[in-house]
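Peer 1: You'll find structure.cif just under this line, and it carries mmCIF, C-alpha atoms and all ligand atoms.
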```cif
data_entry
loop_
_atom_site.group_PDB
_atom_site.id
_atom_site.type_symbol
_atom_site.label_atom_id
_atom_site.label_comp_id
_atom_site.auth_asym_id
_atom_site.auth_seq_id
_atom_site.Cartn_x
_atom_site.Cartn_y
_atom_site.Cartn_z
ATOM 1 C CA MET A 1 40.279 -42.789 9.152
ATOM 2 C CA ALA A 2 42.079 -39.498 8.702
ATOM 3 C CA GLU A 3 45.178 -38.800 6.688
ATOM 4 C CA ILE A 4 47.876 -37.856 9.185
ATOM 5 C CA VAL A 5 49.791 -34.679 8.431
ATOM 6 C CA SER A 6 53.562 -34.989 8.541
ATOM 7 C CA GLY A 7 54.987 -31.697 9.708
ATOM 8 C CA LYS A 8 58.398 -33.306 9.402
ATOM 9 C CA VAL A 9 58.032 -34.096 5.708
ATOM 10 C CA VAL A 10 56.584 -30.680 4.803
ATOM 11 C CA SER A 11 59.142 -28.951 6.974
ATOM 12 C CA ALA A 12 62.051 -30.809 5.358
ATOM 13 C CA LYS A 13 60.758 -29.863 1.912
ATOM 14 C CA VAL A 14 60.400 -26.173 2.795
ATOM 15 C CA ARG A 15 63.817 -26.116 4.525
ATOM 16 C CA GLU A 16 65.439 -27.610 1.430
ATOM 17 C CA LYS A 17 64.025 -24.734 -0.638
ATOM 18 C CA ILE A 18 65.182 -22.174 1.975
ATOM 19 C CA LYS A 19 68.668 -23.703 1.936
ATOM 20 C CA GLY A 20 68.875 -23.203 -1.834
ATOM 21 C CA ASP A 21 67.605 -19.638 -1.527
ATOM 22 C CA VAL A 22 70.110 -18.876 1.259
ATOM 23 C CA ALA A 23 72.920 -20.157 -1.000
ATOM 24 C CA SER A 24 71.717 -17.861 -3.833
ATOM 25 C CA PHE A 25 71.501 -14.977 -1.376
ATOM 26 C CA TYR A 26 75.092 -15.630 -0.282
ATOM 27 C CA LYS A 27 76.303 -15.688 -3.887
ATOM 28 C CA LYS A 28 74.574 -12.453 -4.679
ATOM 29 C CA HIS A 29 75.383 -10.467 -1.542
ATOM 30 C CA GLY A 30 78.557 -12.079 -0.182
ATOM 31 C CA ARG A 31 77.080 -12.708 3.230
ATOM 32 C CA ALA A 32 74.625 -15.060 4.919
ATOM 33 C CA PRO A 33 71.334 -13.903 6.451
ATOM 34 C CA GLY A 34 71.759 -13.443 10.225
ATOM 35 C CA LEU A 35 69.394 -14.225 13.093
ATOM 36 C CA ALA A 36 70.001 -13.125 16.699
ATOM 37 C CA VAL A 37 68.157 -15.094 19.369
ATOM 38 C CA ILE A 38 68.144 -13.667 22.877
ATOM 39 C CA MET A 39 67.319 -15.799 25.880
ATOM 40 C CA VAL A 40 67.004 -14.447 29.414
ATOM 41 C CA GLY A 41 67.369 -16.912 32.276
ATOM 42 C CA ASN A 42 67.358 -20.672 31.933
ATOM 43 C CA ASN A 43 63.797 -21.828 31.461
ATOM 44 C CA PRO A 44 64.375 -25.440 30.315
ATOM 45 C CA ALA A 45 61.632 -25.369 27.648
ATOM 46 C CA SER A 46 63.027 -22.109 26.234
ATOM 47 C CA ALA A 47 66.533 -23.568 26.214
ATOM 48 C CA VAL A 48 65.310 -26.470 24.053
ATOM 49 C CA TYR A 49 63.557 -24.106 21.602
ATOM 50 C CA VAL A 50 66.602 -21.844 21.379
ATOM 51 C CA ARG A 51 68.931 -24.776 20.742
ATOM 52 C CA ASN A 52 66.627 -26.095 18.013
ATOM 53 C CA LYS A 53 66.470 -22.674 16.362
ATOM 54 C CA HIS A 54 70.262 -22.448 16.372
ATOM 55 C CA LYS A 55 70.617 -25.912 14.832
ATOM 56 C CA ALA A 56 67.994 -25.193 12.174
ATOM 57 C CA CYS A 57 69.786 -21.983 11.161
ATOM 58 C CA LEU A 58 73.095 -23.774 10.743
ATOM 59 C CA GLU A 59 71.459 -26.479 8.617
ATOM 60 C CA VAL A 60 70.197 -23.979 6.034
ATOM 61 C CA GLY A 61 73.230 -21.665 6.129
ATOM 62 C CA ILE A 62 71.779 -18.806 8.200
ATOM 63 C CA THR A 63 74.247 -17.289 10.667
ATOM 64 C CA SER A 64 72.848 -17.631 14.176
ATOM 65 C CA TYR A 65 73.888 -15.408 17.062
ATOM 66 C CA GLU A 66 72.862 -16.851 20.417
ATOM 67 C CA ILE A 67 72.803 -14.294 23.214
ATOM 68 C CA THR A 68 72.095 -15.481 26.729
ATOM 69 C CA PHE A 69 71.558 -13.252 29.752
ATOM 70 C CA ASP A 70 71.299 -14.037 33.417
ATOM 71 C CA GLU A 71 67.726 -13.741 34.624
ATOM 72 C CA ASN A 72 68.668 -10.782 36.814
ATOM 73 C CA ILE A 73 69.597 -8.598 33.837
ATOM 74 C CA SER A 74 67.854 -5.215 34.002
ATOM 75 C CA GLU A 75 65.268 -4.256 31.430
ATOM 76 C CA GLU A 76 67.471 -1.324 30.364
ATOM 77 C CA GLU A 77 70.453 -3.614 29.669
ATOM 78 C CA LEU A 78 68.273 -5.895 27.569
ATOM 79 C CA LEU A 79 66.822 -2.959 25.623
ATOM 80 C CA ALA A 80 70.350 -1.626 25.037
ATOM 81 C CA LYS A 81 71.360 -4.969 23.514
ATOM 82 C CA ILE A 82 68.296 -4.935 21.259
ATOM 83 C CA ARG A 83 69.146 -1.411 20.081
ATOM 84 C CA GLU A 84 72.696 -2.547 19.314
ATOM 85 C CA LEU A 85 71.332 -5.455 17.233
ATOM 86 C CA ASN A 86 68.872 -3.108 15.491
ATOM 87 C CA ALA A 87 71.897 -1.126 14.263
ATOM 88 C CA ASP A 88 73.982 -4.174 13.281
ATOM 89 C CA SER A 89 73.768 -4.765 9.513
ATOM 90 C CA SER A 90 74.856 -8.415 9.823
ATOM 91 C CA VAL A 91 71.699 -9.133 11.858
ATOM 92 C CA ASP A 92 68.514 -9.440 9.791
ATOM 93 C CA GLY A 93 66.219 -10.936 12.397
ATOM 94 C CA ILE A 94 65.927 -10.502 16.168
ATOM 95 C CA LEU A 95 63.952 -12.864 18.361
ATOM 96 C CA VAL A 96 63.652 -12.522 22.121
ATOM 97 C CA GLN A 97 62.524 -15.846 23.540
ATOM 98 C CA LEU A 98 59.390 -15.516 25.676
ATOM 99 C CA PRO A 99 58.426 -15.708 28.485
ATOM 100 C CA LEU A 100 60.679 -13.122 30.141
ATOM 101 C CA PRO A 101 61.260 -12.710 33.895
ATOM 102 C CA LYS A 102 58.503 -10.717 35.605
ATOM 103 C CA HIS A 103 60.582 -7.550 36.130
ATOM 104 C CA ILE A 104 60.974 -7.085 32.362
ATOM 105 C CA SER A 105 58.097 -5.725 30.267
ATOM 106 C CA GLU A 106 57.509 -7.978 27.258
ATOM 107 C CA GLU A 107 55.630 -5.136 25.630
ATOM 108 C CA ARG A 108 58.572 -2.739 25.881
ATOM 109 C CA VAL A 109 60.961 -5.413 24.649
ATOM 110 C CA ILE A 110 58.823 -6.232 21.608
ATOM 111 C CA GLU A 111 58.324 -2.567 20.770
ATOM 112 C CA THR A 112 62.079 -1.947 20.943
ATOM 113 C CA ILE A 113 62.861 -4.569 18.288
ATOM 114 C CA SER A 114 63.073 -2.840 14.900
ATOM 115 C CA SER A 115 59.876 -3.700 12.999
ATOM 116 C CA VAL A 116 61.974 -4.685 9.952
ATOM 117 C CA LYS A 117 63.894 -7.247 12.043
ATOM 118 C CA ASP A 118 60.863 -8.567 13.929
ATOM 119 C CA VAL A 119 60.856 -12.116 12.554
ATOM 120 C CA ASP A 120 58.306 -13.215 15.189
ATOM 121 C CA ALA A 121 55.861 -10.584 13.815
ATOM 122 C CA PHE A 122 54.973 -9.542 17.365
ATOM 123 C CA HIS A 123 55.691 -5.800 16.966
ATOM 124 C CA PRO A 124 52.475 -3.709 16.926
ATOM 125 C CA GLU A 125 53.347 -2.356 13.474
ATOM 126 C CA ASN A 126 53.589 -5.880 12.066
ATOM 127 C CA VAL A 127 50.452 -7.007 13.903
ATOM 128 C CA GLY A 128 48.574 -4.063 12.352
ATOM 129 C CA LYS A 129 49.884 -4.929 8.890
ATOM 130 C CA ILE A 130 48.569 -8.482 9.232
ATOM 131 C CA MET A 131 45.125 -7.104 10.034
ATOM 132 C CA ILE A 132 45.175 -5.057 6.815
ATOM 133 C CA GLY A 133 46.575 -7.970 4.791
ATOM 134 C CA ASN A 134 49.688 -6.048 3.733
ATOM 135 C CA TYR A 135 52.382 -7.731 5.771
ATOM 136 C CA THR A 136 56.129 -8.262 5.718
ATOM 137 C CA PHE A 137 56.309 -11.080 8.277
ATOM 138 C CA LEU A 138 53.755 -13.591 9.481
ATOM 139 C CA PRO A 139 53.929 -15.062 12.963
ATOM 140 C CA CYS A 140 55.615 -18.433 12.692
ATOM 141 C CA THR A 141 52.960 -20.778 14.077
ATOM 142 C CA PRO A 142 49.917 -19.552 12.092
ATOM 143 C CA ALA A 143 52.125 -19.268 8.997
ATOM 144 C CA GLY A 144 53.170 -22.886 9.537
ATOM 145 C CA VAL A 145 49.503 -23.954 9.726
ATOM 146 C CA ILE A 146 48.754 -22.199 6.420
ATOM 147 C CA GLU A 147 51.769 -23.870 4.808
ATOM 148 C CA LEU A 148 50.485 -27.294 5.967
ATOM 149 C CA LEU A 149 46.960 -26.598 4.645
ATOM 150 C CA GLU A 150 48.443 -25.586 1.294
ATOM 151 C CA HIS A 151 50.689 -28.626 1.123
ATOM 152 C CA TYR A 152 47.716 -30.960 1.715
ATOM 153 C CA ASN A 153 45.563 -29.017 -0.792
ATOM 154 C CA VAL A 154 42.990 -27.970 1.782
ATOM 155 C CA GLN A 155 40.801 -25.266 0.228
ATOM 156 C CA VAL A 156 39.904 -22.563 2.749
ATOM 157 C CA GLU A 157 37.597 -20.474 0.546
ATOM 158 C CA GLY A 158 33.980 -20.671 1.643
ATOM 159 C CA LYS A 159 34.763 -23.124 4.459
ATOM 160 C CA LYS A 160 33.589 -22.810 8.044
ATOM 161 C CA CYS A 161 36.792 -22.311 10.020
ATOM 162 C CA VAL A 162 36.630 -22.490 13.805
ATOM 163 C CA ILE A 163 39.611 -21.479 15.923
ATOM 164 C CA ILE A 164 39.650 -22.417 19.592
ATOM 165 C CA GLY A 165 41.931 -19.958 21.410
ATOM 166 C CA ARG A 166 42.393 -16.207 20.949
ATOM 167 C CA SER A 167 46.048 -15.602 21.803
ATOM 168 C CA ASN A 168 48.034 -12.846 20.135
ATOM 169 C CA ILE A 169 50.587 -15.425 18.984
ATOM 170 C CA VAL A 170 48.226 -17.969 17.395
ATOM 171 C CA GLY A 171 44.438 -17.519 17.577
ATOM 172 C CA LYS A 172 44.100 -13.898 16.494
ATOM 173 C CA PRO A 173 46.595 -13.921 13.588
ATOM 174 C CA MET A 174 45.259 -17.343 12.510
ATOM 175 C CA ALA A 175 41.793 -15.780 12.193
ATOM 176 C CA HIS A 176 43.159 -13.060 9.904
ATOM 177 C CA LEU A 177 45.034 -15.506 7.689
ATOM 178 C CA LEU A 178 41.995 -17.751 7.227
ATOM 179 C CA LEU A 179 39.780 -14.738 6.582
ATOM 180 C CA GLU A 180 42.246 -13.495 3.982
ATOM 181 C CA ARG A 181 41.834 -16.874 2.243
ATOM 182 C CA ASN A 182 38.063 -16.343 2.207
ATOM 183 C CA GLY A 183 37.192 -18.708 5.024
ATOM 184 C CA THR A 184 34.227 -17.955 7.291
ATOM 185 C CA VAL A 185 35.940 -17.635 10.626
ATOM 186 C CA THR A 186 34.667 -18.079 14.177
ATOM 187 C CA VAL A 187 37.005 -17.609 17.147
ATOM 188 C CA CYS A 188 36.058 -19.464 20.340
ATOM 189 C CA HIS A 189 37.634 -19.005 23.767
ATOM 190 C CA SER A 190 37.183 -19.800 27.444
ATOM 191 C CA ARG A 191 33.984 -17.719 27.728
ATOM 192 C CA THR A 192 32.329 -19.076 24.583
ATOM 193 C CA ARG A 193 28.922 -20.617 25.171
ATOM 194 C CA GLU A 194 28.098 -23.805 23.294
ATOM 195 C CA LEU A 195 31.703 -24.204 22.207
ATOM 196 C CA ARG A 196 31.176 -27.905 21.475
ATOM 197 C CA GLU A 197 28.311 -27.173 19.067
ATOM 198 C CA ILE A 198 30.276 -24.432 17.297
ATOM 199 C CA ALA A 199 33.359 -26.649 16.973
ATOM 200 C CA LYS A 200 31.209 -29.391 15.472
ATOM 201 C CA GLU A 201 30.201 -27.132 12.581
ATOM 202 C CA ALA A 202 33.798 -26.582 11.512
ATOM 203 C CA ASP A 203 35.136 -27.795 8.188
ATOM 204 C CA ILE A 204 38.551 -26.667 9.425
ATOM 205 C CA LEU A 205 39.130 -26.730 13.183
ATOM 206 C CA VAL A 206 42.283 -25.088 14.577
ATOM 207 C CA VAL A 207 42.895 -25.706 18.260
ATOM 208 C CA ALA A 208 45.281 -23.538 20.279
ATOM 209 C CA ILE A 209 43.865 -23.430 23.768
ATOM 210 C CA GLY A 210 46.674 -25.050 25.765
ATOM 211 C CA ARG A 211 44.601 -27.783 27.420
ATOM 212 C CA ALA A 212 45.620 -31.389 26.890
ATOM 213 C CA ASN A 213 43.125 -33.529 24.946
ATOM 214 C CA PHE A 214 40.448 -30.792 25.127
ATOM 215 C CA VAL A 215 38.822 -31.597 21.772
ATOM 216 C CA THR A 216 37.079 -34.952 21.709
ATOM 217 C CA ALA A 217 35.383 -36.845 18.864
ATOM 218 C CA ASP A 218 31.893 -35.537 19.727
ATOM 219 C CA MET A 219 33.117 -31.973 18.967
ATOM 220 C CA VAL A 220 34.297 -32.779 15.444
ATOM 221 C CA LYS A 221 32.238 -32.930 12.249
ATOM 222 C CA PRO A 222 32.879 -36.117 10.273
ATOM 223 C CA GLY A 223 35.411 -35.331 7.555
ATOM 224 C CA ALA A 224 36.738 -32.149 9.207
ATOM 225 C CA VAL A 225 40.355 -31.005 8.938
ATOM 226 C CA VAL A 226 41.749 -30.824 12.471
ATOM 227 C CA ILE A 227 44.869 -28.770 13.229
ATOM 228 C CA ASP A 228 46.299 -29.159 16.723
ATOM 229 C CA VAL A 229 48.617 -26.339 17.801
ATOM 230 C CA GLY A 230 48.825 -27.459 21.459
ATOM 231 C CA ILE A 231 51.853 -28.942 23.144
ATOM 232 C CA ASN A 232 51.121 -29.977 26.730
ATOM 233 C CA ARG A 233 53.405 -31.881 29.040
ATOM 234 C CA LEU A 234 51.435 -34.547 30.937
ATOM 235 C CA SER A 235 52.252 -35.617 34.495
ATOM 236 C CA ASP A 236 53.864 -38.806 33.155
ATOM 237 C CA GLY A 237 56.259 -36.646 31.101
ATOM 238 C CA LYS A 238 54.603 -37.448 27.755
ATOM 239 C CA LEU A 239 53.531 -34.765 25.292
ATOM 240 C CA ALA A 240 49.888 -34.320 24.337
ATOM 241 C CA GLY A 241 48.141 -31.928 21.995
ATOM 242 C CA ASP A 242 44.918 -30.019 22.628
ATOM 243 C CA VAL A 243 43.105 -32.657 20.570
ATOM 244 C CA ASP A 244 42.381 -36.134 21.857
ATOM 245 C CA PHE A 245 44.092 -37.716 18.863
ATOM 246 C CA SER A 246 42.971 -41.331 19.308
ATOM 247 C CA SER A 247 39.264 -40.482 19.484
ATOM 248 C CA VAL A 248 39.287 -37.687 16.858
ATOM 249 C CA GLU A 249 41.472 -39.333 14.218
ATOM 250 C CA PRO A 250 38.752 -41.796 13.053
ATOM 251 C CA VAL A 251 36.278 -38.899 12.588
ATOM 252 C CA ALA A 252 38.506 -36.358 10.799
ATOM 253 C CA SER A 253 39.654 -36.417 7.161
ATOM 254 C CA LEU A 254 43.037 -34.843 7.917
ATOM 255 C CA ILE A 255 44.675 -34.364 11.320
ATOM 256 C CA THR A 256 47.990 -33.129 12.710
ATOM 257 C CA PRO A 257 49.727 -35.287 15.328
ATOM 258 C CA VAL A 258 51.559 -33.957 18.402
ATOM 259 C CA PRO A 259 54.510 -34.039 18.238
ATOM 260 C CA GLY A 260 55.383 -33.992 14.524
ATOM 261 C CA GLY A 261 52.525 -31.867 13.174
ATOM 262 C CA VAL A 262 52.500 -28.090 13.517
ATOM 263 C CA GLY A 263 55.609 -28.002 15.759
ATOM 264 C CA PRO A 264 58.296 -28.644 13.117
ATOM 265 C CA MET A 265 56.776 -25.948 10.889
ATOM 266 C CA THR A 266 57.226 -23.148 13.406
ATOM 267 C CA ILE A 267 61.027 -22.973 13.228
ATOM 268 C CA THR A 268 60.856 -23.470 9.466
ATOM 269 C CA MET A 269 58.734 -20.316 9.181
ATOM 270 C CA LEU A 270 61.248 -18.462 11.354
ATOM 271 C CA LEU A 271 63.975 -19.384 8.852
ATOM 272 C CA LYS A 272 61.736 -18.177 6.025
ATOM 273 C CA ASN A 273 61.112 -14.859 7.798
ATOM 274 C CA THR A 274 64.834 -14.367 8.415
ATOM 275 C CA LEU A 275 65.595 -14.915 4.743
ATOM 276 C CA SER A 276 62.798 -12.487 3.726
ATOM 277 C CA ALA A 277 64.178 -9.910 6.149
ATOM 278 C CA ALA A 278 67.678 -10.294 4.709
ATOM 279 C CA LYS A 279 66.414 -9.860 1.132
ATOM 280 C CA MET A 280 64.431 -6.797 2.164
ATOM 281 C CA HIS A 281 67.462 -5.273 3.903
ATOM 282 C CA GLU A 282 69.677 -5.828 0.857
ATOM 283 C CA ASN A 283 67.044 -4.330 -1.476
ATOM 284 C CA ASN A 284 66.810 -1.242 0.712
ATOM 285 C CA ARG A 285 70.534 -0.609 1.069
HETATM 286 N N1 LIG B 1 58.084 -18.664 23.255
HETATM 287 C C1 LIG B 1 57.252 -19.643 22.829
HETATM 288 N N2 LIG B 1 56.975 -19.494 21.518
HETATM 289 C C2 LIG B 1 57.642 -18.410 21.110
HETATM 290 C C3 LIG B 1 57.774 -17.756 19.845
HETATM 291 O O1 LIG B 1 57.182 -18.137 18.826
HETATM 292 N N3 LIG B 1 58.568 -16.670 19.824
HETATM 293 C C4 LIG B 1 59.202 -16.210 20.923
HETATM 294 N N4 LIG B 1 59.951 -15.124 20.805
HETATM 295 N N5 LIG B 1 59.112 -16.777 22.106
HETATM 296 C C5 LIG B 1 58.344 -17.884 22.185
#
```
The structure given in the file should be rewritten as structure tokens.
Peer 2:
Amino acid sequence: MAEIVSGKVVSAKVREKIKGDVASFYKKHGRAPGLAVIMVGNNPASAVYVRNKHKACLEVGITSYEITFDENISEEELLAKIRELNADSSVDGILVQLPLPKHISEERVIETISSVKDVDAFHPENVGKIMIGNYTFLPCTPAGVIELLEHYNVQVEGKKCVIIGRSNIVGKPMAHLLLERNGTVTVCHSRTRELREIAKEADILVVAIGRANFVTADMVKPGAVVIDVGINRLSDGKLAGDVDFSSVEPVASLITPVPGGVGPMTITMLLKNTLSAAKMHENNR
């Protein structure tokens, strides 16, 4: 039987520390760190994420600016708003909730956000820095996974790490972070041959493929650490991860549930990035 990771417990612990650090920041600089979250349109899933981000900011003392645009806003209007926030010294972090409507280029939007306010770490400059290992911000989800591994004393060095999924948001940066910790990293994706066999060699298996219950017990080495980044909505309305939890849990040594595993860590890492940005901005004034 595996130990079940509590993203809630780890998240609460990290948020408590951030709250203390935000209070010290306020004492020292006479202002709170500020995060601007922009949402375009009314995608219901995005609305839930944005609301949760806002609430989390308030809980730790970060000032949150919620900016909502109609989905017909032009790309130029959105870029103008981003430029205004880039120049606003009360705003330390800028996050544009994705996905965006089809007529707006996500690439242009991301590149317009100042790299020193890019708390998602999606800007090409920040992505490049992660590759070199000399970064300011880490993308929230992979950073949350690392924080969980550290909390549960999972050693990465020398381990076979297999990542299923190669997205820019999770799979690719995850590979760099595990490599930086001296793991031996394999990235699998939809075209990988013998994916099941490769997965079964993993000491640490990170799954971010976006397919409900994709990883089954026969793909997991006994005693492996299994990290499930997936959140899939099933037809009955229930949430499921990318890992078939009930079959894999007896095989693994440590496993993250969905919900309550990686999910709670993501917003926590956003708070951490916003605080780091604020400190950096004050140091550079
Ligand atoms: N949409 C889903 N996840 C994310 C995220 O981490 N950042 C942003 N900006 N949009 C998202």
Peer 1: Which residues, written as a short mmCIF file (atom, residue, chain, number, x, y, z; two decimals) with C-alpha atoms, keeping the file's coordinate frame, have at least one atom at most 7 Å from stretch 55-64 of chain A, with all atoms listed in the file counted and residues fewer than 6 positions away on the same chain left out?
Peer 2:
```cif
data_model
loop_
_atom_site.label_atom_id
_atom_site.label_comp_id
_atom_site.auth_asym_id
_atom_site.auth_seq_id
_atom_site.Cartn_x
_atom_site.Cartn_y
_atom_site.Cartn_z
CA ARG A 15 63.82 -26.12 4.53
CA ILE A 18 65.18 -22.17 1.98
CA LYS A 19 68.67 -23.70 1.94
CA VAL A 22 70.11 -18.88 1.26
CA ALA A 32 74.62 -15.06 4.92
CA PRO A 33 71.33 -13.90 6.45
CA GLY A 34 71.76 -13.44 10.22
CA LEU A 35 69.39 -14.22 13.09
CA ALA A 36 70.00 -13.12 16.70
CA LEU A 271 63.98 -19.38 8.85
#
```
Peer 1: Apply the PyMOL selection byres (((chain A and resi 232) around 8) and not hetatm) to the displayed file and report the matching residues as a list in words.
Peer 2: Gly210, Arg211, Ala212, Gly230, Ile231, Arg233, Leu234, Leu239, Ala240, Gly241 and Asp242 of chain A
Peer 1: Kindly compute an axis-aligned box around the listed atoms of ligand LIG 1 (chain B), allowing 3 Å on each side, and express its centre and edge lengths in Å to one decimal as lines of an AutoDock Vina configuration file.
Peer 2:
```
center_x = 58.5
center_y = -17.4
center_z = 21.0
size_x = 9.0
size_y = 10.5
size_z = 10.4
```
Peer 1: Hey, which residues come within 7 Å of ligand LIG 1 (chain B) if we count only C-alpha atoms and all ligand atoms? Could you give them as an MDAnalysis selection string?
Peer 2: chainID A and resid 46 95:99 120 140:141
Peer 1: Env of A:Ile82: 7 Å cut, atoms = only C-alpha atoms, seq-sep filter 4 positions within chain, self excluded. Answer as a compact mmCIF listing (two decimals) with C-alpha atoms, keeping the file's coordinate frame.
Peer 2:
```txt
# COMPACT_ATOMS: atom_id res chain seq x y z
CA LEU A 78 68.27 -5.90 27.57
CA ASN A 86 68.87 -3.11 15.49
CA THR A 112 62.08 -1.95 20.94
CA ILE A 113 62.86 -4.57 18.29
```
Peer 1: Can you measure atom CA of A:Lys221 to atom CA of A:Ile198 for me? One decimal in Å is fine.
Peer 2: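 Distance reported for this atom pair: 10.1 Å.
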Peer 1: Let me make sure I understand: among A:Ser114, A:Thr186, A:Thr136, A:Ser89, which one has the smallest atom-to-atom distance to A:Ser276 if we use only C-alpha atoms?
Peer 2: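 Of A:Ser114, A:Thr186, A:Thr136, A:Ser89, the one nearest A:Ser276 is A:Thr136, counting only C-alpha atoms.
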Peer 1: Taking the file as shown, find all residues satisfying the PyMOL selection byres (((chain A and resi 73-75) around 8) and not hetatm) and write them as a list in words.
Peer 2: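 Selected by the PyMOL selection byres (((chain A and resi 73-75) around 8) and not hetatm) here: Val40, Phe69, Asp70, Glu71, Asn72, Glu76, Glu77, Leu78, Leu79, His103, Ile104 and Ser105 of chain A.
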Peer 1: In Å to one decimal, how far is atom CA of A:Val14 from atom CA of A:Leu254?
Peer 2: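 We find that atom CA of A:Leu254 and atom CA of A:Val14 lie 20.1 Å from each other.
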Peer 1: For the structure shown, which residues end up in the PyMOL selection byres (((chain A and resi 67) around 6) and not hetatm)? Put them as a ChimeraX atom specification, please?
Peer 2: /A:38,66,68
